[in-house]
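A.B. asks: So here's final.pdb (PDB, C-alpha atoms).
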MODEL        1
ATOM      1  CA  MET A   1     -70.840   5.341 184.118  1.00  0.00           C
ATOM      2  CA  GLN A   2     -69.497   3.055 186.851  1.00  0.00           C
ATOM      3  CA  ALA A   3     -71.670   3.475 189.963  1.00  0.00           C
ATOM      4  CA  THR A   4     -70.522   2.622 193.485  1.00  0.00           C
ATOM      5  CA  PHE A   5     -72.800  -0.034 194.951  1.00  0.00           C
ATOM      6  CA  PRO A   6     -74.487   1.231 198.167  1.00  0.00           C
ATOM      7  CA  HIS A   7     -72.934  -0.805 200.994  1.00  0.00           C
ATOM      8  CA  LEU A   8     -75.512   0.404 203.569  1.00  0.00           C
ATOM      9  CA  ALA A   9     -78.448  -1.260 201.785  1.00  0.00           C
ATOM     10  CA  GLN A  10     -79.480  -4.363 203.748  1.00  0.00           C
ATOM     11  CA  HIS A  11     -79.975  -7.472 201.614  1.00  0.00           C
ATOM     12  CA  GLN A  12     -83.245  -9.284 202.285  1.00  0.00           C
ATOM     13  CA  GLU A  13     -83.574 -11.539 199.237  1.00  0.00           C
ATOM     14  CA  ALA A  14     -81.173 -12.332 196.381  1.00  0.00           C
ATOM     15  CA  GLN A  15     -81.495 -14.569 193.330  1.00  0.00           C
ATOM     16  CA  PHE A  16     -78.761 -14.980 190.697  1.00  0.00           C
ATOM     17  CA  TYR A  17     -79.428 -17.172 187.667  1.00  0.00           C
ATOM     18  CA  MET A  18     -78.356 -17.746 184.041  1.00  0.00           C
ATOM     19  CA  MET A  19     -80.543 -16.738 181.086  1.00  0.00           C
ATOM     20  CA  GLY A  20     -80.236 -17.144 177.321  1.00  0.00           C
ATOM     21  CA  GLN A  21     -78.318 -20.425 177.296  1.00  0.00           C
ATOM     22  CA  SER A  22     -80.555 -21.879 174.566  1.00  0.00           C
ATOM     23  CA  GLN A  23     -82.811 -20.719 171.755  1.00  0.00           C
ATOM     24  CA  GLU A  24     -86.571 -20.914 171.992  1.00  0.00           C
ATOM     25  CA  VAL A  25     -87.722 -24.539 171.827  1.00  0.00           C
ATOM     26  CA  VAL A  26     -88.754 -25.681 168.350  1.00  0.00           C
ATOM     27  CA  GLU A  27     -91.398 -28.411 168.216  1.00  0.00           C
ATOM     28  CA  SER A  28     -91.766 -30.778 165.272  1.00  0.00           C
ATOM     29  CA  ILE A  29     -95.047 -32.075 163.854  1.00  0.00           C
ATOM     30  CA  THR A  30     -94.554 -35.211 165.964  1.00  0.00           C
ATOM     31  CA  GLY A  31     -94.209 -33.201 169.153  1.00  0.00           C
ATOM     32  CA  ALA A  32     -90.446 -33.766 169.524  1.00  0.00           C
ATOM     33  CA  GLU A  33     -88.610 -30.737 170.878  1.00  0.00           C
ATOM     34  CA  THR A  34     -85.345 -29.400 169.531  1.00  0.00           C
ATOM     35  CA  ILE A  35     -83.235 -27.448 172.027  1.00  0.00           C
ATOM     36  CA  THR A  36     -80.322 -25.528 170.513  1.00  0.00           C
ATOM     37  CA  PRO A  37     -77.614 -24.191 172.871  1.00  0.00           C
ATOM     38  CA  THR A  38     -76.238 -20.691 172.324  1.00  0.00           C
ATOM     39  CA  MET A  39     -73.228 -18.682 173.477  1.00  0.00           C
ATOM     40  CA  ARG A  40     -75.296 -15.733 174.697  1.00  0.00           C
ATOM     41  CA  GLY A  41     -75.895 -16.987 178.236  1.00  0.00           C
ATOM     42  CA  HIS A  42     -75.712 -14.185 180.810  1.00  0.00           C
ATOM     43  CA  TRP A  43     -76.446 -13.553 184.485  1.00  0.00           C
ATOM     44  CA  ARG A  44     -79.695 -12.096 185.755  1.00  0.00           C
ATOM     45  CA  ALA A  45     -80.406 -11.088 189.347  1.00  0.00           C
ATOM     46  CA  THR A  46     -83.405 -10.070 191.425  1.00  0.00           C
ATOM     47  CA  VAL A  47     -82.375  -8.437 194.693  1.00  0.00           C
ATOM     48  CA  ASN A  48     -84.496  -6.910 197.479  1.00  0.00           C
ATOM     49  CA  PHE A  49     -83.164  -4.440 200.032  1.00  0.00           C
ATOM     50  CA  VAL A  50     -84.330  -2.604 203.127  1.00  0.00           C
ATOM     51  CA  LEU A  51     -83.108   0.978 203.662  1.00  0.00           C
ATOM     52  CA  LYS A  52     -82.559   1.787 207.319  1.00  0.00           C
ATOM     53  CA  GLY A  53     -82.183   5.434 208.267  1.00  0.00           C
ATOM     54  CA  GLU A  54     -81.206   8.640 206.525  1.00  0.00           C
ATOM     55  CA  ALA A  55     -77.692   7.648 205.452  1.00  0.00           C
ATOM     56  CA  SER A  56     -78.841   4.403 203.839  1.00  0.00           C
ATOM     57  CA  THR A  57     -81.760   6.068 202.042  1.00  0.00           C
ATOM     58  CA  LEU A  58     -79.702   8.962 200.681  1.00  0.00           C
ATOM     59  CA  GLN A  59     -76.947   6.562 199.632  1.00  0.00           C
ATOM     60  CA  TRP A  60     -79.478   4.528 197.655  1.00  0.00           C
ATOM     61  CA  GLN A  61     -80.841   7.661 195.957  1.00  0.00           C
ATOM     62  CA  THR A  62     -77.255   8.616 195.074  1.00  0.00           C
ATOM     63  CA  PHE A  63     -76.783   5.164 193.564  1.00  0.00           C
ATOM     64  CA  MET A  64     -79.945   5.561 191.490  1.00  0.00           C
ATOM     65  CA  ALA A  65     -78.733   8.917 190.203  1.00  0.00           C
ATOM     66  CA  GLN A  66     -75.358   7.443 189.239  1.00  0.00           C
ATOM     67  CA  MET A  67     -76.928   4.452 187.457  1.00  0.00           C
ATOM     68  CA  GLN A  68     -79.052   6.729 185.210  1.00  0.00           C
ATOM     69  CA  GLY A  69     -81.591   4.000 184.533  1.00  0.00           C
ATOM     70  CA  ARG A  70     -80.054   1.417 182.189  1.00  0.00           C
ATOM     71  CA  ILE A  71     -77.056   3.562 181.228  1.00  0.00           C
ATOM     72  CA  GLY A  72     -74.739   2.947 184.180  1.00  0.00           C
ATOM     73  CA  THR A  73     -73.190  -0.265 185.459  1.00  0.00           C
ATOM     74  CA  THR A  74     -72.169  -1.400 188.932  1.00  0.00           C
ATOM     75  CA  LEU A  75     -70.498  -4.336 190.676  1.00  0.00           C
ATOM     76  CA  VAL A  76     -73.396  -6.158 192.311  1.00  0.00           C
ATOM     77  CA  PRO A  77     -72.351  -8.239 195.360  1.00  0.00           C
ATOM     78  CA  VAL A  78     -73.487 -11.847 194.982  1.00  0.00           C
ATOM     79  CA  HIS A  79     -75.171 -13.159 198.128  1.00  0.00           C
ATOM     80  CA  SER A  80     -75.686 -16.914 198.417  1.00  0.00           C
ATOM     81  CA  ARG A  81     -76.077 -19.612 201.065  1.00  0.00           C
ATOM     82  CA  PHE A  82     -73.356 -22.092 202.061  1.00  0.00           C
ATOM     83  CA  ARG A  83     -70.357 -20.212 200.700  1.00  0.00           C
ATOM     84  CA  PRO A  84     -66.707 -21.418 200.780  1.00  0.00           C
ATOM     85  CA  LYS A  85     -64.877 -21.639 204.116  1.00  0.00           C
ATOM     86  CA  ASP A  86     -61.379 -20.738 205.270  1.00  0.00           C
ATOM     87  CA  ARG A  87     -58.734 -23.422 205.875  1.00  0.00           C
ATOM     88  CA  ASN A  88     -60.021 -23.885 209.447  1.00  0.00           C
ATOM     89  CA  GLY A  89     -63.560 -24.584 208.215  1.00  0.00           C
ATOM     90  CA  ARG A  90     -64.987 -21.232 209.321  1.00  0.00           C
ATOM     91  CA  PRO A  91     -67.416 -19.291 207.094  1.00  0.00           C
ATOM     92  CA  LEU A  92     -65.773 -16.514 205.105  1.00  0.00           C
ATOM     93  CA  PRO A  93     -66.897 -12.954 205.956  1.00  0.00           C
ATOM     94  CA  PHE A  94     -69.087 -11.309 203.339  1.00  0.00           C
ATOM     95  CA  ALA A  95     -68.991  -7.674 204.444  1.00  0.00           C
ATOM     96  CA  GLU A  96     -66.559  -5.824 202.191  1.00  0.00           C
ATOM     97  CA  THR A  97     -66.994  -2.338 203.598  1.00  0.00           C
ATOM     98  CA  ALA A  98     -67.054  -1.160 207.208  1.00  0.00           C
ATOM     99  CA  ASN A  99     -69.159   1.890 208.042  1.00  0.00           C
ATOM    100  CA  LEU A 100     -68.273   4.518 210.620  1.00  0.00           C
ATOM    101  CA  SER A 101     -70.193   3.711 213.810  1.00  0.00           C
ATOM    102  CA  ASP A 102     -72.911   6.253 214.664  1.00  0.00           C
ATOM    103  CA  ALA A 103     -71.605   8.644 212.032  1.00  0.00           C
ATOM    104  CA  GLN A 104     -72.398   9.746 208.493  1.00  0.00           C
ATOM    105  CA  THR A 105     -70.011  10.617 205.684  1.00  0.00           C
ATOM    106  CA  TRP A 106     -71.298  13.148 203.200  1.00  0.00           C
ATOM    107  CA  GLU A 107     -70.043  11.157 200.208  1.00  0.00           C
ATOM    108  CA  HIS A 108     -71.481   7.879 201.609  1.00  0.00           C
ATOM    109  CA  PHE A 109     -68.145   6.068 201.600  1.00  0.00           C
ATOM    110  CA  GLY A 110     -66.943   3.333 203.945  1.00  0.00           C
ATOM    111  CA  LEU A 111     -63.647   1.694 204.881  1.00  0.00           C
ATOM    112  CA  GLU A 112     -62.726  -1.228 202.621  1.00  0.00           C
ATOM    113  CA  ASN A 113     -61.503  -4.408 204.298  1.00  0.00           C
ATOM    114  CA  THR A 114     -58.183  -6.056 203.441  1.00  0.00           C
ATOM    115  CA  GLN A 115     -58.315  -8.405 200.450  1.00  0.00           C
ATOM    116  CA  PHE A 116     -56.944 -11.970 200.630  1.00  0.00           C
ATOM    117  CA  ASN A 117     -56.075 -14.244 197.717  1.00  0.00           C
ATOM    118  CA  ARG A 118     -57.566 -17.510 198.952  1.00  0.00           C
ATOM    119  CA  ILE A 119     -57.600 -19.263 195.556  1.00  0.00           C
ATOM    120  CA  THR A 120     -55.545 -18.506 192.428  1.00  0.00           C
ATOM    121  CA  LEU A 121     -55.229 -20.069 188.986  1.00  0.00           C
ATOM    122  CA  ALA A 122     -52.541 -22.758 188.848  1.00  0.00           C
ATOM    123  CA  ALA A 123     -52.432 -22.559 185.031  1.00  0.00           C
ATOM    124  CA  ALA A 124     -53.332 -19.958 182.424  1.00  0.00           C
ATOM    125  CA  ALA A 125     -56.882 -20.163 181.077  1.00  0.00           C
ATOM    126  CA  PRO A 126     -57.852 -18.904 177.600  1.00  0.00           C
ATOM    127  CA  LEU A 127     -60.950 -16.956 176.608  1.00  0.00           C
ATOM    128  CA  ARG A 128     -64.105 -19.159 176.735  1.00  0.00           C
ATOM    129  CA  ALA A 129     -62.381 -21.789 178.910  1.00  0.00           C
ATOM    130  CA  THR A 130     -64.719 -23.956 180.986  1.00  0.00           C
ATOM    131  CA  GLN A 131     -62.090 -25.781 183.075  1.00  0.00           C
ATOM    132  CA  LEU A 132     -59.739 -24.140 185.578  1.00  0.00           C
ATOM    133  CA  SER A 133     -56.786 -25.510 187.556  1.00  0.00           C
ATOM    134  CA  LEU A 134     -56.598 -24.023 191.052  1.00  0.00           C
ATOM    135  CA  THR A 135     -54.101 -23.395 193.829  1.00  0.00           C
ATOM    136  CA  LEU A 136     -55.584 -23.147 197.353  1.00  0.00           C
ATOM    137  CA  PHE A 137     -54.300 -20.966 200.177  1.00  0.00           C
ATOM    138  CA  ASP A 138     -56.521 -19.887 203.083  1.00  0.00           C
ATOM    139  CA  THR A 139     -59.558 -22.021 202.211  1.00  0.00           C
ATOM    140  CA  THR A 140     -60.761 -25.609 202.165  1.00  0.00           C
ATOM    141  CA  GLY A 141     -61.716 -25.164 198.510  1.00  0.00           C
ATOM    142  CA  ILE A 142     -64.695 -24.347 196.367  1.00  0.00           C
ATOM    143  CA  ARG A 143     -67.523 -26.840 195.879  1.00  0.00           C
ATOM    144  CA  PRO A 144     -69.926 -27.479 192.984  1.00  0.00           C
ATOM    145  CA  GLY A 145     -72.816 -24.997 193.092  1.00  0.00           C
ATOM    146  CA  GLN A 146     -70.792 -22.215 194.745  1.00  0.00           C
ATOM    147  CA  PHE A 147     -70.151 -18.806 193.159  1.00  0.00           C
ATOM    148  CA  PHE A 148     -66.881 -16.962 192.602  1.00  0.00           C
ATOM    149  CA  SER A 149     -65.722 -14.050 190.490  1.00  0.00           C
ATOM    150  CA  ILE A 150     -62.616 -13.275 188.477  1.00  0.00           C
ATOM    151  CA  GLY A 151     -62.244  -9.538 188.196  1.00  0.00           C
ATOM    152  CA  GLU A 152     -65.723  -8.163 187.463  1.00  0.00           C
ATOM    153  CA  ARG A 153     -67.206 -11.403 186.082  1.00  0.00           C
ATOM    154  CA  LEU A 154     -69.283 -13.999 187.929  1.00  0.00           C
ATOM    155  CA  TYR A 155     -68.989 -17.788 187.596  1.00  0.00           C
ATOM    156  CA  ARG A 156     -70.475 -20.888 189.213  1.00  0.00           C
ATOM    157  CA  VAL A 157     -68.832 -24.268 189.740  1.00  0.00           C
ATOM    158  CA  GLN A 158     -70.408 -27.197 187.871  1.00  0.00           C
ATOM    159  CA  SER A 159     -68.038 -29.930 189.067  1.00  0.00           C
ATOM    160  CA  HIS A 160     -64.767 -30.382 190.986  1.00  0.00           C
ATOM    161  CA  TRP A 161     -62.166 -33.159 190.816  1.00  0.00           C
ATOM    162  CA  GLN A 162     -58.510 -33.916 191.595  1.00  0.00           C
ATOM    163  CA  PRO A 163     -56.771 -35.572 188.614  1.00  0.00           C
ATOM    164  CA  SER A 164     -53.628 -36.074 190.725  1.00  0.00           C
ATOM    165  CA  ALA A 165     -52.251 -35.264 194.164  1.00  0.00           C
ATOM    166  CA  GLY A 166     -52.167 -31.524 194.813  1.00  0.00           C
ATOM    167  CA  VAL A 167     -53.993 -30.690 191.576  1.00  0.00           C
ATOM    168  CA  ARG A 168     -57.530 -29.311 191.821  1.00  0.00           C
ATOM    169  CA  ARG A 169     -59.687 -28.651 188.817  1.00  0.00           C
ATOM    170  CA  VAL A 170     -63.185 -27.233 188.337  1.00  0.00           C
ATOM    171  CA  MET A 171     -65.656 -26.970 185.484  1.00  0.00           C
ATOM    172  CA  ILE A 172     -67.526 -23.679 185.430  1.00  0.00           C
ATOM    173  CA  GLU A 173     -70.380 -21.751 183.846  1.00  0.00           C
ATOM    174  CA  PRO A 174     -70.450 -19.481 181.933  1.00  0.00           C
ATOM    175  CA  PRO A 175     -67.220 -19.846 179.900  1.00  0.00           C
ATOM    176  CA  LEU A 176     -64.508 -17.346 180.841  1.00  0.00           C
ATOM    177  CA  ARG A 177     -65.336 -13.832 179.680  1.00  0.00           C
ATOM    178  CA  ALA A 178     -61.618 -13.023 179.305  1.00  0.00           C
ATOM    179  CA  ALA A 179     -58.311 -14.898 179.297  1.00  0.00           C
ATOM    180  CA  ALA A 180     -56.625 -15.176 182.716  1.00  0.00           C
ATOM    181  CA  GLY A 181     -52.979 -15.831 183.550  1.00  0.00           C
ATOM    182  CA  VAL A 182     -51.275 -17.951 186.171  1.00  0.00           C
ATOM    183  CA  GLY A 183     -51.795 -16.536 189.664  1.00  0.00           C
ATOM    184  CA  THR A 184     -55.016 -14.693 188.834  1.00  0.00           C
ATOM    185  CA  PRO A 185     -57.081 -14.602 192.063  1.00  0.00           C
ATOM    186  CA  LEU A 186     -60.587 -16.030 192.389  1.00  0.00           C
ATOM    187  CA  GLU A 187     -62.821 -14.005 194.699  1.00  0.00           C
ATOM    188  CA  VAL A 188     -64.761 -16.549 196.753  1.00  0.00           C
ATOM    189  CA  ALA A 189     -65.584 -14.529 199.875  1.00  0.00           C
ATOM    190  CA  ARG A 190     -67.237 -11.536 198.183  1.00  0.00           C
ATOM    191  CA  PRO A 191     -67.938 -12.358 194.524  1.00  0.00           C
ATOM    192  CA  VAL A 192     -69.334  -9.604 192.307  1.00  0.00           C
ATOM    193  CA  CYS A 193     -70.838  -9.255 188.849  1.00  0.00           C
ATOM    194  CA  ARG A 194     -70.805  -6.196 186.584  1.00  0.00           C
ATOM    195  CA  MET A 195     -74.464  -5.531 185.868  1.00  0.00           C
ATOM    196  CA  ARG A 196     -76.945  -2.893 184.777  1.00  0.00           C
ATOM    197  CA  MET A 197     -80.610  -2.375 185.577  1.00  0.00           C
ATOM    198  CA  VAL A 198     -83.171  -4.166 183.417  1.00  0.00           C
ATOM    199  CA  SER A 199     -85.502  -1.140 183.231  1.00  0.00           C
ATOM    200  CA  GLU A 200     -85.490   2.552 184.110  1.00  0.00           C
ATOM    201  CA  THR A 201     -87.967   2.085 186.956  1.00  0.00           C
ATOM    202  CA  GLU A 202     -85.893  -0.363 189.000  1.00  0.00           C
ATOM    203  CA  GLY A 203     -85.088   0.548 192.588  1.00  0.00           C
ATOM    204  CA  LEU A 204     -87.980   2.926 193.237  1.00  0.00           C
ATOM    205  CA  PHE A 205     -89.440   3.030 196.750  1.00  0.00           C
ATOM    206  CA  ASP A 206     -92.158   4.697 198.822  1.00  0.00           C
ATOM    207  CA  GLN A 207     -90.961   8.141 199.947  1.00  0.00           C
ATOM    208  CA  THR A 208     -93.537   8.503 202.740  1.00  0.00           C
ATOM    209  CA  MET A 209     -92.362   8.402 206.350  1.00  0.00           C
ATOM    210  CA  ALA A 210     -94.898   5.769 207.472  1.00  0.00           C
ATOM    211  CA  VAL A 211     -92.830   2.701 206.539  1.00  0.00           C
ATOM    212  CA  ARG A 212     -89.197   1.635 206.273  1.00  0.00           C
ATOM    213  CA  PRO A 213     -88.295   1.804 202.565  1.00  0.00           C
ATOM    214  CA  ARG A 214     -88.014  -1.536 200.754  1.00  0.00           C
ATOM    215  CA  VAL A 215     -86.618  -1.678 197.222  1.00  0.00           C
ATOM    216  CA  SER A 216     -86.535  -4.394 194.572  1.00  0.00           C
ATOM    217  CA  VAL A 217     -84.098  -4.349 191.653  1.00  0.00           C
ATOM    218  CA  ASN A 218     -83.708  -6.537 188.580  1.00  0.00           C
ATOM    219  CA  PHE A 219     -80.194  -6.612 187.137  1.00  0.00           C
ATOM    220  CA  ARG A 220     -78.735  -7.949 183.874  1.00  0.00           C
ATOM    221  CA  GLU A 221     -75.068  -8.757 183.319  1.00  0.00           C
ATOM    222  CA  ALA A 222     -73.270  -6.006 181.397  1.00  0.00           C
ATOM    223  CA  ILE A 223     -71.226  -7.807 178.739  1.00  0.00           C
TER     224      ILE A 223
ENDMDL
END
Could you rewrite the structure in this file as structure tokens?

C.D. replies:
Amino acid sequence: MQATFPHLAQHQEAQFYMMGQSQEVVESITGAETITPTMRGHWRATVNFVLKGEASTLQWQTFMAQMQGRIGTTLVPVHSRFRPKDRNGRPLPFAETANLSDAQTWEHFGLENTQFNRITLAAAAPLRATQLSLTLFDTTGIRPGQFFSIGERLYRVQSHWQPSAGVRRVMIEPPLRAAAGVGTPLEVARPVCRMRMVSETEGLFDQTMAVRPRVSVNFREAI
């Protein structure tokens, strides 16, 4: 099942990292280590939220019901510091959904903001590609270490260079999960990653009224 991520949950901490990029280290009788790379690298995330008020708490419980433990998947928003900027050097907005001020919708929906294609692919990229050619629009570009997504898949820039005037190229991790054609947009303002919960007890919180609920969730990329 595809669950709608609860936009009212307030991010407090977020960590996104790659796992499974190599096999367990093998050590020889001399103590030398052999590290073997694999193709099973995937994203993991640990995210903490604070639930403020009735609407946020009920929305989170709805999300938990939709996820059904490890069965469901969702598009987890990727929070990070020092994200790309627009062409005027201003930080890009992260909020994707606007809530109704001082109101509550029974289905916990919000109003989605307009999407902009700030970066697109300048050339087609095959499955498992690690280099992308880019065309920039309303942005100064994407720098090494920054995140972006293509569709429902998350990537991170390893390096950036300009082989010629007007041509921008990046090396990324992990390799492309699917082939992408010319003009495919890169989401740099609000990247996401399709993920599922690591265990069936993720996202639980104290139901007493004495404290503001705080939840912690561990996610794994759904490949």

A.B. asks: Using only C-alpha atoms, find the one residue out of A:Ala165, A:Ala125, A:Leu154, A:Ile35 that sits nearest to Val192 in chain A.

C.D. replies: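 Using only C-alpha atoms, the shortest distance to Val192 in chain A belongs to A:Leu154.
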
A.B. asks: Need to verify the contact set: range 168-172 of chain A, 12 Å, only C-alpha atoms, exclusion of same-chain residues closer than 5 positions in sequence. Can you return it as a ChimeraX atom specification?

C.D. replies: /A:119-123,125,128-136,140-150,154-163,177

A.B. asks: Need to verify the contact set: Gln2 in chain A, 12 Å, only C-alpha atoms, exclusion of same-chain residues closer than 5 positions in sequence. Can you return it as a list in words?

C.D. replies: Phe63, Met64, Ala65, Gln66, Met67, Gln68, Arg70, Ile71, Gly72, Thr73, Thr74, Leu75, Val76, Glu152, Arg194, Met195, Arg196 and Ala222 of chain A

A.B. asks: Restricting the calculation to all atoms listed in the file, which member of A:Pro84, A:Pro174, A:Gly53, A:Gly181 is positioned closest to Pro126 in chain A?

C.D. replies: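 Among the listed residues, the smallest separation from Pro126 in chain A belongs to A:Gly181.
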
A.B. asks: Nearest residue to Tyr17 in chain A out of A:Val211, A:Val78, A:Val217, A:Ala178, using only C-alpha atoms?

C.D. replies: A:Val78

A.B. asks: Where does the PyMOL selection byres ((chain A and resi 199-207) around 10) land in this file, that is, which residues does it pick, as a ChimeraX atom specification?

C.D. replies: /A:47-51,57,60-61,63-64,67-71,196-198,208-220

A.B. asks: Could you jot down the CA of Ala189 in chain A to CA of Leu92 in chain A separation for me, Å, one decimal place?

C.D. replies: 5.6 Å
